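model.txt, holding compact mmCIF, C-alpha atoms and all ligand atoms:
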# COMPACT_ATOMS: atom_id res chain seq x y z
CA MET J 1 147.17 73.23 -36.92
CA SER J 2 148.85 76.58 -36.24
CA GLY J 3 148.12 80.14 -37.33
CA ILE J 4 145.86 82.94 -36.32
CA VAL J 5 142.12 83.12 -36.79
CA ARG J 6 141.55 86.71 -37.89
CA ILE J 7 138.02 87.81 -36.98
CA SER J 8 136.44 90.91 -38.41
CA GLY J 9 133.31 92.39 -36.80
CA GLY J 10 132.29 93.52 -33.36
CA GLY J 11 128.96 91.81 -32.65
CA ILE J 12 127.72 88.58 -31.09
CA ALA J 13 128.99 86.44 -33.99
CA ALA J 14 132.57 87.76 -33.80
CA SER J 15 132.67 87.66 -29.99
CA VAL J 16 131.37 84.12 -29.62
CA LEU J 17 133.61 82.88 -32.43
CA ALA J 18 136.63 84.35 -30.62
CA LEU J 19 135.68 82.54 -27.40
CA GLN J 20 135.14 79.24 -29.21
CA ALA J 21 138.49 79.56 -31.01
CA LEU J 22 140.30 80.28 -27.74
CA ARG J 23 138.53 77.30 -26.16
CA ARG J 24 140.10 75.12 -28.88
CA GLY J 25 143.55 76.53 -28.11
CA LEU J 26 143.68 78.64 -31.28
CA ARG J 27 145.05 82.18 -31.34
CA VAL J 28 142.69 84.95 -32.40
CA GLU J 29 143.08 88.50 -33.53
CA GLY J 30 140.24 90.86 -34.19
CA SER J 31 139.22 94.20 -35.49
CA THR J 32 136.02 96.07 -34.71
CA TRP J 33 134.94 98.33 -37.46
CA ALA J 34 132.08 100.17 -35.81
CA PRO J 35 129.60 99.61 -32.98
CA ALA J 36 127.40 96.55 -33.48
CA ALA J 37 123.96 98.12 -33.60
CA SER J 38 122.04 94.84 -33.77
CA SER J 39 124.04 93.09 -31.06
CA LEU J 40 124.12 96.12 -28.77
CA LEU J 41 120.34 96.42 -28.89
CA ALA J 42 119.70 92.71 -28.41
CA SER J 43 118.05 91.77 -25.16
CA GLY J 44 120.47 88.83 -25.07
CA ILE J 45 117.74 86.30 -24.26
CA TYR J 46 118.15 82.65 -25.23
CA ASN J 47 115.12 80.45 -25.26
CA PRO J 48 114.72 77.12 -27.08
CA ILE J 49 110.98 77.61 -27.69
CA VAL J 50 109.10 79.80 -30.16
CA LEU J 51 106.61 80.81 -27.48
CA LYS J 52 103.98 82.28 -29.78
CA ARG J 53 103.53 78.94 -31.52
CA MET J 54 104.88 76.57 -28.84
CA LYS J 55 107.37 75.10 -31.32
CA LEU J 56 110.93 74.04 -30.64
CA VAL J 57 113.70 76.13 -32.19
CA TRP J 58 115.79 74.59 -34.97
CA ARG J 59 118.61 72.46 -33.39
CA TRP J 60 117.64 73.69 -29.93
CA LYS J 61 119.24 70.85 -27.97
CA GLU J 62 122.67 70.95 -29.63
CA ALA J 63 122.59 74.75 -29.41
CA LEU J 64 121.78 74.78 -25.69
CA ASP J 65 124.38 72.12 -24.89
CA GLU J 66 127.06 74.12 -26.73
CA LEU J 67 125.98 77.42 -25.15
CA GLU J 68 126.11 75.97 -21.63
CA ALA J 69 129.48 74.31 -22.31
CA LEU J 70 131.00 77.51 -23.73
CA TYR J 71 129.90 79.85 -20.94
CA GLY J 72 130.83 77.20 -18.36
CA TRP J 73 134.33 77.13 -19.88
CA VAL J 74 134.54 80.95 -19.78
CA GLU J 75 133.62 80.90 -16.10
CA ASP J 76 136.09 78.11 -15.24
CA THR J 77 138.93 79.64 -17.28
CA TYR J 78 138.52 83.36 -16.64
CA GLY J 79 136.30 83.49 -13.55
CA SER J 80 133.80 85.60 -15.52
CA SER J 81 130.16 84.69 -15.49
CA LEU J 82 128.47 85.94 -18.66
CA LEU J 83 125.17 84.12 -18.10
CA GLU J 84 122.60 85.98 -16.01
CA PRO J 85 120.44 83.97 -13.58
CA GLU J 86 116.91 84.96 -14.71
CA GLN J 87 114.82 82.49 -16.73
CA VAL J 88 112.03 83.28 -19.19
CA TYR J 89 108.48 82.98 -17.78
CA GLN J 90 105.69 82.58 -20.29
CA ARG J 91 102.35 84.13 -19.46
CA LEU J 92 99.51 81.59 -19.73
CA ASP J 93 96.58 83.80 -20.70
CA ASN J 94 93.69 81.45 -20.06
CA ALA J 95 92.68 77.97 -18.87
CA GLN J 96 93.27 76.49 -22.33
CA LYS J 97 96.89 77.75 -22.44
CA LEU J 98 97.46 76.48 -18.91
CA ASN J 99 96.12 73.02 -19.83
CA GLU J 100 98.19 72.93 -23.03
CA TRP J 101 101.34 73.75 -21.06
CA GLU J 102 100.57 71.06 -18.46
CA GLY J 103 99.78 68.53 -21.19
CA LEU J 104 103.01 69.20 -23.10
CA ARG J 105 105.26 69.05 -20.10
CA ALA J 106 104.19 65.51 -19.29
CA ASP J 107 106.36 64.11 -22.11
CA ALA J 108 109.87 64.39 -23.55
CA PRO J 109 111.37 66.57 -24.90
CA TRP J 110 109.10 69.20 -23.34
CA SER J 111 109.52 67.81 -19.81
CA GLU J 112 113.14 69.04 -19.99
CA LEU J 113 112.04 72.57 -20.84
CA LEU J 114 108.68 73.44 -19.27
CA GLY J 115 108.47 74.21 -15.56
CA SER J 116 105.46 74.31 -13.22
CA PRO J 117 102.94 77.11 -13.69
CA MET J 118 102.65 79.57 -10.82
CA ARG J 119 100.60 82.63 -9.92
CA TRP J 120 102.16 86.02 -10.66
CA ASN J 121 100.02 89.03 -9.74
CA VAL J 122 96.62 88.17 -11.23
CA GLN J 123 98.07 86.03 -14.02
CA TRP J 124 99.52 82.54 -14.50
CA VAL J 125 103.11 82.24 -15.71
CA ALA J 126 105.47 79.27 -16.12
CA PRO J 127 109.25 79.06 -16.56
CA VAL J 128 111.16 77.79 -19.58
CA LEU J 129 113.75 75.76 -17.70
CA ARG J 130 116.79 75.98 -19.99
CA SER J 131 116.41 79.65 -20.89
CA GLY J 132 118.27 82.75 -19.74
CA TRP J 133 120.11 85.80 -20.96
CA VAL J 134 123.54 87.23 -21.59
CA ARG J 135 124.42 90.86 -20.96
CA VAL J 136 125.55 91.44 -24.55
CA PRO J 137 127.65 94.61 -24.05
CA ARG J 138 129.64 92.72 -21.38
CA LEU J 139 130.11 89.74 -23.75
CA LEU J 140 131.37 92.03 -26.53
CA GLU J 141 133.76 93.92 -24.27
CA PHE J 142 135.03 90.76 -22.62
CA SER J 143 135.81 88.97 -25.88
CA GLN J 144 137.48 92.10 -27.31
CA THR J 145 139.91 92.08 -24.38
CA LEU J 146 140.96 88.52 -25.29
CA MET J 147 141.64 89.25 -28.97
CA LYS J 148 145.01 90.50 -30.09
CA SER J 149 145.01 93.44 -32.44
CA VAL J 150 145.94 92.62 -36.04
CA THR J 151 149.49 91.23 -36.31
CA GLU J 152 151.81 90.07 -39.10
CA GLU J 153 151.56 86.43 -38.02
CA PRO J 154 150.49 83.77 -40.55
CA VAL J 155 146.74 83.68 -40.92
CA LEU J 156 144.92 80.34 -40.84
CA ALA J 157 141.51 81.85 -41.66
CA ARG J 158 139.86 85.22 -42.11
CA VAL J 159 136.32 85.19 -40.77
CA HIS J 160 133.89 87.96 -41.60
CA CYS J 161 131.14 88.51 -39.03
CA HIS J 162 129.77 91.69 -40.53
CA GLY J 163 126.02 91.43 -40.08
CA TRP J 164 123.56 92.19 -42.82
CA ALA J 165 124.41 95.31 -44.85
CA GLN J 166 128.17 94.83 -44.89
CA GLY J 167 127.78 91.09 -45.42
CA VAL J 168 126.24 91.90 -48.78
CA ARG J 169 128.53 94.83 -49.63
CA ARG J 170 131.85 93.31 -48.63
CA ASP J 171 131.71 89.56 -48.14
CA GLY J 172 130.34 88.41 -51.45
CA LEU J 173 127.10 87.19 -49.89
CA SER J 174 124.15 87.28 -52.25
CA GLU J 175 121.65 90.04 -51.52
CA ARG J 176 118.98 87.34 -51.76
CA SER J 177 120.54 85.55 -48.78
CA PHE J 178 118.99 88.07 -46.44
CA ASN J 179 115.51 88.99 -45.32
CA PRO J 180 116.49 91.46 -42.59
CA VAL J 181 114.05 92.31 -39.81
CA LYS J 182 113.95 95.65 -38.05
CA GLY J 183 113.33 95.53 -34.29
CA GLU J 184 112.56 98.19 -31.71
CA VAL J 185 112.96 98.11 -27.93
CA LEU J 186 112.13 100.40 -25.03
CA ARG J 187 114.02 100.95 -21.82
CA VAL J 188 111.69 101.86 -18.99
CA LEU J 189 111.63 102.37 -15.24
CA LEU J 190 108.84 100.37 -13.57
CA PRO J 191 108.51 101.51 -9.95
CA GLY J 192 107.00 98.73 -7.82
CA TYR J 193 107.31 96.04 -10.53
CA GLU J 194 108.44 92.63 -9.29
CA ALA J 195 108.65 89.44 -11.33
CA PRO J 196 110.21 85.98 -10.98
CA GLY J 197 112.37 86.52 -14.09
CA ILE J 198 112.01 87.66 -17.70
CA VAL J 199 108.26 87.72 -18.32
CA HIS J 200 106.97 87.09 -21.83
CA GLY J 201 103.42 87.93 -22.83
CA PRO J 202 103.09 89.64 -26.16
CA VAL J 203 106.46 91.31 -25.27
CA PHE J 204 109.47 90.48 -23.10
CA ILE J 205 110.12 92.46 -19.92
CA LEU J 206 113.79 91.93 -19.11
CA PRO J 207 115.18 93.17 -15.76
CA LEU J 208 118.47 95.04 -16.37
CA GLY J 209 119.00 96.01 -12.71
CA ALA J 210 118.59 99.24 -10.72
CA GLY J 211 114.88 99.39 -11.58
CA LEU J 212 115.54 99.52 -15.34
CA TYR J 213 113.81 97.13 -17.77
CA GLN J 214 114.08 96.41 -21.48
CA VAL J 215 110.77 95.84 -23.27
CA GLY J 216 111.00 94.20 -26.67
CA ALA J 217 110.79 93.60 -29.41
CA THR J 218 108.95 94.43 -32.61
CA TYR J 219 109.38 92.70 -35.99
CA GLN J 220 109.12 94.88 -39.10
CA TRP J 221 110.19 93.95 -42.61
CA ASP J 222 109.97 97.42 -44.17
CA ALA J 223 111.93 100.65 -43.56
CA LEU J 224 115.15 98.80 -42.69
CA ASP J 225 116.83 101.57 -40.73
CA GLU J 226 117.73 102.33 -37.14
CA VAL J 227 115.03 104.93 -36.64
CA PRO J 228 112.54 104.24 -33.81
CA THR J 229 108.90 104.76 -34.79
CA ALA J 230 105.68 105.81 -33.06
CA LYS J 231 104.06 102.56 -34.32
CA GLY J 232 106.84 100.52 -32.68
CA SER J 233 106.55 102.31 -29.36
CA ASP J 234 102.72 101.99 -29.37
CA GLU J 235 102.99 98.25 -29.92
CA LEU J 236 105.56 97.84 -27.15
CA ILE J 237 103.63 100.00 -24.67
CA ARG J 238 100.42 98.05 -25.40
CA GLY J 239 102.31 94.82 -24.73
CA LEU J 240 103.86 96.20 -21.55
CA ARG J 241 100.43 97.41 -20.38
CA SER J 242 98.96 93.92 -20.76
CA LEU J 243 101.54 92.64 -18.27
CA TRP J 244 101.91 95.60 -15.91
CA ASP J 245 99.32 98.23 -15.03
CA GLY J 246 101.47 100.20 -12.56
CA PRO J 247 103.47 103.36 -13.31
CA PHE J 248 106.22 103.43 -15.93
CA GLU J 249 108.69 106.01 -17.17
CA LEU J 250 110.15 105.84 -20.66
CA VAL J 251 113.95 106.17 -20.64
CA GLU J 252 114.96 105.19 -24.17
CA HIS J 253 113.51 103.95 -27.46
CA ARG J 254 115.84 102.42 -30.06
CA ALA J 255 115.81 100.38 -33.25
CA ALA J 256 118.21 98.13 -35.17
CA VAL J 257 118.10 95.52 -37.94
CA ARG J 258 118.48 91.78 -37.34
CA PRO J 259 120.64 89.97 -39.94
CA ALA J 260 117.97 87.38 -40.77
CA THR J 261 118.12 85.22 -43.89
CA ALA J 262 115.57 84.39 -46.55
CA ASP J 263 115.23 80.75 -45.40
CA ARG J 264 115.77 81.51 -41.67
CA ARG J 265 118.96 79.45 -41.60
CA PRO J 266 122.32 81.07 -40.81
CA LEU J 267 125.29 81.55 -43.12
CA VAL J 268 128.27 79.49 -41.95
CA GLY J 269 131.13 78.55 -44.22
CA ALA J 270 133.65 79.47 -46.90
CA VAL J 271 133.18 82.39 -49.26
CA GLY J 272 136.62 82.15 -50.92
CA PRO J 273 140.07 80.63 -50.34
CA GLY J 274 140.88 81.21 -46.66
CA GLU J 275 137.80 83.48 -46.32
CA TRP J 276 134.83 82.48 -44.19
CA VAL J 277 131.61 83.98 -42.85
CA LEU J 278 129.51 83.59 -39.72
CA ASN J 279 126.37 85.60 -40.34
CA GLY J 280 122.60 85.42 -40.68
CA LEU J 281 121.96 84.79 -36.99
CA GLY J 282 118.54 86.44 -37.22
CA SER J 283 116.71 86.84 -33.93
CA ARG J 284 118.53 84.01 -32.11
CA GLY J 285 122.18 85.01 -32.17
CA ILE J 286 122.77 84.23 -28.52
CA LEU J 287 121.36 80.71 -28.68
CA LEU J 288 122.83 79.71 -32.05
CA ALA J 289 126.23 81.43 -32.15
CA PRO J 290 128.15 78.95 -29.91
CA LEU J 291 127.05 75.91 -31.96
CA LEU J 292 127.59 77.60 -35.33
CA ALA J 293 130.97 79.03 -34.34
CA ALA J 294 132.07 75.54 -33.27
CA GLU J 295 130.92 74.10 -36.60
CA LEU J 296 132.70 76.84 -38.53
CA LEU J 297 135.95 76.11 -36.68
CA ASP J 298 135.54 72.41 -37.55
CA GLN J 299 135.33 73.41 -41.21
CA ILE J 300 138.35 75.69 -40.93
CA LEU J 301 140.38 72.95 -39.25
CA GLY J 302 139.29 70.40 -41.86
CA VAL J 303 137.47 68.15 -39.40
CA GLY J 304 133.92 69.06 -40.40
CA ALA J 305 132.12 69.44 -43.71
CA PRO J 306 129.80 72.36 -44.48
CA LEU J 307 126.15 71.62 -43.76
CA SER J 308 123.94 72.15 -46.80
CA GLU J 309 121.38 73.93 -44.59
CA THR J 310 123.84 76.63 -43.50
CA ASP J 311 126.30 76.74 -46.42
CA PRO J 312 126.39 80.35 -47.71
CA SER J 313 126.76 79.05 -51.28
CA ARG J 314 123.12 77.84 -51.23
CA PHE J 315 122.11 81.32 -52.39
CA ALA J 316 124.83 81.64 -55.06
CA GLY J 317 123.37 82.32 -58.46
CA SER J 318 119.87 82.75 -57.07
C1 LIG Y 401 115.63 94.80 -31.12
C2 LIG Y 401 116.42 93.54 -31.18
C3 LIG Y 401 116.34 92.64 -30.12
C4 LIG Y 401 117.05 91.44 -30.18
N1 LIG Y 401 116.99 90.60 -29.11
C5 LIG Y 401 117.67 89.43 -29.16
C6 LIG Y 401 117.64 88.53 -28.06
O1 LIG Y 401 117.04 88.79 -27.02
N2 LIG Y 401 118.33 87.35 -28.18
C7 LIG Y 401 119.03 87.02 -29.32
O2 LIG Y 401 119.62 85.94 -29.38
N3 LIG Y 401 119.09 87.87 -30.36
C8 LIG Y 401 118.44 89.04 -30.31
N4 LIG Y 401 118.49 89.91 -31.37
C9 LIG Y 401 119.22 89.47 -32.57
C10 LIG Y 401 120.71 89.68 -32.41
O3 LIG Y 401 120.92 91.02 -32.16
C11 LIG Y 401 121.45 89.20 -33.67
O4 LIG Y 401 121.26 87.81 -33.84
C12 LIG Y 401 122.95 89.48 -33.53
O5 LIG Y 401 123.16 90.78 -33.11
C13 LIG Y 401 123.71 89.25 -34.80
O6 LIG Y 401 125.05 89.50 -34.48
P1 LIG Y 401 126.16 89.75 -35.59
O7 LIG Y 401 127.47 89.81 -34.88
O8 LIG Y 401 126.01 88.73 -36.67
O9 LIG Y 401 125.77 91.13 -36.27
P2 LIG Y 401 125.90 92.66 -35.77
O10 LIG Y 401 125.49 92.83 -34.39
O11 LIG Y 401 125.21 93.46 -36.83
O12 LIG Y 401 127.45 92.95 -35.82
C14 LIG Y 401 128.16 93.12 -37.02
C15 LIG Y 401 129.46 93.82 -36.70
O13 LIG Y 401 130.30 93.83 -37.83
C16 LIG Y 401 130.90 95.11 -37.94
N5 LIG Y 401 131.31 95.30 -39.33
C17 LIG Y 401 130.52 95.48 -40.42
N6 LIG Y 401 131.31 95.63 -41.51
C18 LIG Y 401 132.59 95.52 -41.12
C19 LIG Y 401 133.85 95.58 -41.80
N7 LIG Y 401 133.93 95.77 -43.10
N8 LIG Y 401 134.97 95.40 -41.07
C20 LIG Y 401 134.88 95.15 -39.75
N9 LIG Y 401 133.73 95.11 -39.06
C21 LIG Y 401 132.58 95.29 -39.74
C22 LIG Y 401 129.81 96.04 -37.48
O14 LIG Y 401 130.34 97.29 -37.12
C23 LIG Y 401 129.30 95.29 -36.27
O15 LIG Y 401 130.12 95.52 -35.16
C24 LIG Y 401 117.84 91.13 -31.32
C25 LIG Y 401 117.94 92.06 -32.35
C26 LIG Y 401 117.24 93.25 -32.30
C27 LIG Y 401 117.38 94.23 -33.42
Please, can you express the file's structure as C-alpha cells?
Amino acid sequence: MSGIVRISGGGIAASVLALQALRRGLRVEGSTWAPAASSLLASGIYNPIVLKRMKLVWRWKEALDELEALYGWVEDTYGSSLLEPEQVYQRLDNAQKLNEWEGLRADAPWSELLGSPMRWNVQWVAPVLRSGWVRVPRLLEFSQTLMKSVTEEPVLARVHCHGWAQGVRRDGLSERSFNPVKGEVLRVLLPGYEAPGIVHGPVFILPLGAGLYQVGATYQWDALDEVPTAKGSDELIRGLRSLWDGPFELVEHRAAVRPATADRRPLVGAVGPGEWVLNGLGSRGILLAPLLAAELLDQILGVGAPLSETDPSRFAGS
C-alpha cells in the first residue's frame, strides 16, 4: 500500500509511531505543534513489573519483545543506540520481601524477569532483568530528523498523537476517556552516590550522567497543571532520603500530566475516515508505544482489526 502516514504530535507516541512506520517501509511526515511536556519529563524507564504490588504489566511480554525488536532495528539501520544500559534494581526492604523475590523467581514467567538479590550499601536490591530506559529527548529529536515536513503527497492515514488535553479538544476523544495523572520529578546532584543501575525504593533514582540524577515520580489526580508543588517535592525528597543519606543538591523540580485513561488501557484506532489516534499511554509510554504503534499500523494497512480493549470508540456515548 502506498501513501504517506501523516503524524501529528511531538511526544513518545508520535516518535515511536514514526519509527515503526519507517521499519515497515512506509513514508512518514510529521508536525510538532509544541514541546511535549509529558514526554520530555518522563524518566524514560521501561519495566514489565508493577513493583509496588509485584504484578506483571498488561501485555508485558509482547510489549518487551516489540520494544527490543524496534530499538534493535534502529541500531542496525541507523547505528543509533536509543536504549541505555542501566537496569532497574528493586530495593528489598526486609527479609520477607527478599524471600518473596527469591520464591517468585524460581518459576516462569518470573524467572525471566527477576535477577539475583545483592547487597547495595546497607540494603538489599535485585535487578529486573528485561528493564531499562530510553533517553526520551534523544528519541524525540532522532525521530523528528527522520520525518519529512508536511508535503502535498497523497495521505494514507492521519494519526493524531496529541496527549491528553488536545486529544479531547481536537481529536473527538470523549472527555470520559481520560483520567489524567499529574507527576512531579526532581533533578539532583548526589556527590558520592554510586549504584548498580536505576534504584527503585519508594522512588526511582535514575542516573542521567555527569553526577546528575532524576528522582521520580509522584502521582496526583487533582490540580492537573504543570506547576511543581511543595507537597510533591517533600514526597520525592523523603523517598530519596530513604535510599541515600549522603549530600544532595536540588537542580530542578518540574511537573507534567500523564495522558492516562479511565480504564488504564490506551486509545489505539480510528476516530473518523482516514483519521486515527495513538494516545492514552499513561505512565508506561516507553514500554507500550512500540507494540501499540505496530498494532495501529496493522489497522491502517487493513491487516489487523481493532482490539476492543484499546478501541477509542469504547468510550463513545459514555
Ligand atoms: C513525571 C513523569 C514521569 C514519567 N516517567 C515515565 C517513565 O519513566 N517511563 C514511561 O514509560 N513513561 C513515563 N511517563 C509517562 C510518559 O511521559 C507518557 O506515557 C508519554 O509522554 C505519553 O506520550 P504522548 O506522545 O502520548 O503525549 P505527550 O508527551 O503529551 O505529547 C503530545 C504531543 O502532541 C502535541 N500536540 C498536542 N496538540 C497538537 C496539535 N493540535 N497538533 C500537533 N501537535 C499537537 C504536543 O505539543 C506534544 O508534543 C512519565 C510521565 C510523567 C509526567
> Distance atom CA of Leu267 of chain J-atom CA of Arg130 of chain J, one decimal place?
Replying inline: 25.3 Å
> Distance atom CA of Val227 of chain J-atom CA of Pro207 of chain J, one decimal place?
Replying inline: 24.0 Å
Within 7 Å of ligand LIG 401 (chain Y), counting all atoms listed in the file, which protein or nucleic acid residues do you find, written as a compact mmCIF listing (two decimals) with C-alpha atoms, in the frame of the given file?
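Printed below is selection_2.txt as written:
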# COMPACT_ATOMS: atom_id res chain seq x y z
CA SER J 8 136.44 90.91 -38.41
CA GLY J 9 133.31 92.39 -36.80
CA GLY J 10 132.29 93.52 -33.36
CA GLY J 11 128.96 91.81 -32.65
CA ILE J 12 127.72 88.58 -31.09
CA ALA J 13 128.99 86.44 -33.99
CA ALA J 14 132.57 87.76 -33.80
CA SER J 31 139.22 94.20 -35.49
CA THR J 32 136.02 96.07 -34.71
CA TRP J 33 134.94 98.33 -37.46
CA ALA J 34 132.08 100.17 -35.81
CA PRO J 35 129.60 99.61 -32.98
CA ALA J 36 127.40 96.55 -33.48
CA ALA J 37 123.96 98.12 -33.60
CA SER J 38 122.04 94.84 -33.77
CA SER J 39 124.04 93.09 -31.06
CA LEU J 40 124.12 96.12 -28.77
CA LEU J 41 120.34 96.42 -28.89
CA ALA J 42 119.70 92.71 -28.41
CA SER J 43 118.05 91.77 -25.16
CA GLY J 44 120.47 88.83 -25.07
CA ILE J 45 117.74 86.30 -24.26
CA TYR J 46 118.15 82.65 -25.23
CA CYS J 161 131.14 88.51 -39.03
CA HIS J 162 129.77 91.69 -40.53
CA GLY J 163 126.02 91.43 -40.08
CA TRP J 164 123.56 92.19 -42.82
CA GLN J 166 128.17 94.83 -44.89
CA GLY J 167 127.78 91.09 -45.42
CA ARG J 170 131.85 93.31 -48.63
CA LYS J 182 113.95 95.65 -38.05
CA GLY J 183 113.33 95.53 -34.29
CA GLU J 184 112.56 98.19 -31.71
CA VAL J 185 112.96 98.11 -27.93
CA GLY J 216 111.00 94.20 -26.67
CA ALA J 217 110.79 93.60 -29.41
CA THR J 218 108.95 94.43 -32.61
CA ALA J 255 115.81 100.38 -33.25
CA ALA J 256 118.21 98.13 -35.17
CA VAL J 257 118.10 95.52 -37.94
CA ARG J 258 118.48 91.78 -37.34
CA PRO J 259 120.64 89.97 -39.94
CA LEU J 278 129.51 83.59 -39.72
CA ASN J 279 126.37 85.60 -40.34
CA GLY J 280 122.60 85.42 -40.68
CA LEU J 281 121.96 84.79 -36.99
CA GLY J 282 118.54 86.44 -37.22
CA SER J 283 116.71 86.84 -33.93
CA ARG J 284 118.53 84.01 -32.11
CA GLY J 285 122.18 85.01 -32.17
CA ILE J 286 122.77 84.23 -28.52
CA LEU J 287 121.36 80.71 -28.68
> How would you write as a PyMOL selection string the residues that get within 12 Å of (104.3, 97.3, -22.3) in the file's frame, counting all atoms listed in the file?
Replying inline: chain J and resi 185-190+199-206+213-218+232-250
Can I get the selected residues back with C-alpha atoms, as a JSON list (two decimals), in the coordinates of the input?
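out-v7.json was written with the following content:
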[["chain", "number", "residue", "atom", "x", "y", "z"],
["J", 185, "VAL", "CA", 112.96, 98.11, -27.93],
["J", 186, "LEU", "CA", 112.13, 100.40, -25.03],
["J", 187, "ARG", "CA", 114.02, 100.95, -21.82],
["J", 188, "VAL", "CA", 111.69, 101.86, -18.99],
["J", 189, "LEU", "CA", 111.63, 102.37, -15.24],
["J", 190, "LEU", "CA", 108.84, 100.37, -13.57],
["J", 199, "VAL", "CA", 108.26, 87.72, -18.32],
["J", 200, "HIS", "CA", 106.97, 87.09, -21.83],
["J", 201, "GLY", "CA", 103.42, 87.93, -22.83],
["J", 202, "PRO", "CA", 103.09, 89.64, -26.16],
["J", 203, "VAL", "CA", 106.46, 91.31, -25.27],
["J", 204, "PHE", "CA", 109.47, 90.48, -23.10],
["J", 205, "ILE", "CA", 110.12, 92.46, -19.92],
["J", 206, "LEU", "CA", 113.79, 91.93, -19.11],
["J", 213, "TYR", "CA", 113.81, 97.13, -17.77],
["J", 214, "GLN", "CA", 114.08, 96.41, -21.48],
["J", 215, "VAL", "CA", 110.77, 95.84, -23.27],
["J", 216, "GLY", "CA", 111.00, 94.20, -26.67],
["J", 217, "ALA", "CA", 110.79, 93.60, -29.41],
["J", 218, "THR", "CA", 108.95, 94.43, -32.61],
["J", 232, "GLY", "CA", 106.84, 100.52, -32.68],
["J", 233, "SER", "CA", 106.55, 102.31, -29.36],
["J", 234, "ASP", "CA", 102.72, 101.99, -29.37],
["J", 235, "GLU", "CA", 102.99, 98.25, -29.92],
["J", 236, "LEU", "CA", 105.56, 97.84, -27.15],
["J", 237, "ILE", "CA", 103.63, 100.00, -24.67],
["J", 238, "ARG", "CA", 100.42, 98.05, -25.40],
["J", 239, "GLY", "CA", 102.31, 94.82, -24.73],
["J", 240, "LEU", "CA", 103.86, 96.20, -21.55],
["J", 241, "ARG", "CA", 100.43, 97.41, -20.38],
["J", 242, "SER", "CA", 98.96, 93.92, -20.76],
["J", 243, "LEU", "CA", 101.54, 92.64, -18.27],
["J", 244, "TRP", "CA", 101.91, 95.60, -15.91],
["J", 245, "ASP", "CA", 99.32, 98.23, -15.03],
["J", 246, "GLY", "CA", 101.47, 100.20, -12.56],
["J", 247, "PRO", "CA", 103.47, 103.36, -13.31],
["J", 248, "PHE", "CA", 106.22, 103.43, -15.93],
["J", 249, "GLU", "CA", 108.69, 106.01, -17.17],
["J", 250, "LEU", "CA", 110.15, 105.84, -20.66]]
>> Which residues are near Thr151 of chain J? Cut-off 10 Å, only C-alpha atoms, ignore same chain within fewer than 2 positions. Put them as number ranges by chain.
In response: J: 4, 6, 29-30, 148-149, 153-155
> What is the distance between atom CA of Ala294 of chain J and atom CA of Ser131 of chain J, in Å to one decimal?
Replying inline: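 Pair atom CA of Ala294 of chain J / atom CA of Ser131 of chain J returns 20.4 Å.
If all atoms listed in the file are the atoms counted, then among J:Arg158, J:Arg254, J:Arg91, J:Arg265 the closest residue to Val57 of chain J is J:Arg265.
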>> Give me, as a VMD selection string, all polymer residues having an atom no more than 12 Å from Leu64 of chain J, counting only C-alpha atoms and skipping those fewer than 4 positions away in the same chain.
In response: chain J and resid 46 to 49 56 to 60 68 to 72 112 to 113 129 to 132 284 286 to 292
> In terms of the shortest atom-to-atom distance over all atoms listed in the file, which of J:Arg135, J:Lys61, J:Lys55, J:Arg119 is closest to Glu84 of chain J?
Replying inline: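 Nearest to Glu84 of chain J: J:Arg135.
Nearest-residue note for Gln90 of chain J: choosing from J:Arg23, J:Lys52, J:Arg176, J:His253, the minimum distance belongs to J:Lys52, counting all atoms listed in the file.
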>> Taking all atoms listed in the file into account, name the residue in J:Leu92, J:Leu104, J:Leu98, J:Ala262 that is nearest to Gln123 of chain J.
In response: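 Counting all atoms listed in the file, the residue closest to Gln123 of chain J is J:Leu92.
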> Met118 of chain J: which residues within 12 Å, counting all atoms listed in the file, same-chain residues fewer than 2 positions away excluded, as an NGL selection string?
Replying inline: :J and (89-92 or 98 or 101-102 or 115-116 or 120-127 or 195-196)
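Residues near the point (117.4, 83.9, -17.3), at a distance of 7 Å or less over only C-alpha atoms, make up Glu84, Pro85, Glu86, Gln87, Val88, Ser131, Gly132, Trp133, Gly197 and Ile198 of chain J.
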> Counting only C-alpha atoms, which of J:Leu19, J:Leu173, J:Leu114, J:Leu212 gets nearest to Gln144 of chain J?
Replying inline: J:Leu19
Mind filling out segment 258-266 of chain J with N, CA and C atoms and sending it as a compact mmCIF listing (two decimals), in the frame of the given file?
# COMPACT_ATOMS: atom_id res chain seq x y z
N ARG J 258 117.95 93.13 -37.57
CA ARG J 258 118.48 91.78 -37.34
C ARG J 258 118.97 91.20 -38.68
N PRO J 259 120.15 90.57 -38.68
CA PRO J 259 120.64 89.97 -39.94
C PRO J 259 119.98 88.61 -40.18
N ALA J 260 118.70 88.63 -40.54
CA ALA J 260 117.97 87.38 -40.77
C ALA J 260 118.08 86.98 -42.24
N THR J 261 117.97 85.69 -42.51
CA THR J 261 118.12 85.22 -43.89
C THR J 261 116.77 84.86 -44.50
N ALA J 262 116.81 84.65 -45.82
CA ALA J 262 115.57 84.39 -46.55
C ALA J 262 114.95 83.06 -46.14
N ASP J 263 115.79 82.07 -45.79
CA ASP J 263 115.23 80.75 -45.40
C ASP J 263 115.36 80.51 -43.90
N ARG J 264 115.66 81.56 -43.15
CA ARG J 264 115.77 81.51 -41.67
C ARG J 264 116.85 80.56 -41.17
N ARG J 265 117.80 80.25 -42.03
CA ARG J 265 118.96 79.45 -41.60
C ARG J 265 120.19 80.33 -41.72
N PRO J 266 121.15 80.18 -40.79
CA PRO J 266 122.32 81.07 -40.81
C PRO J 266 123.26 80.82 -41.99
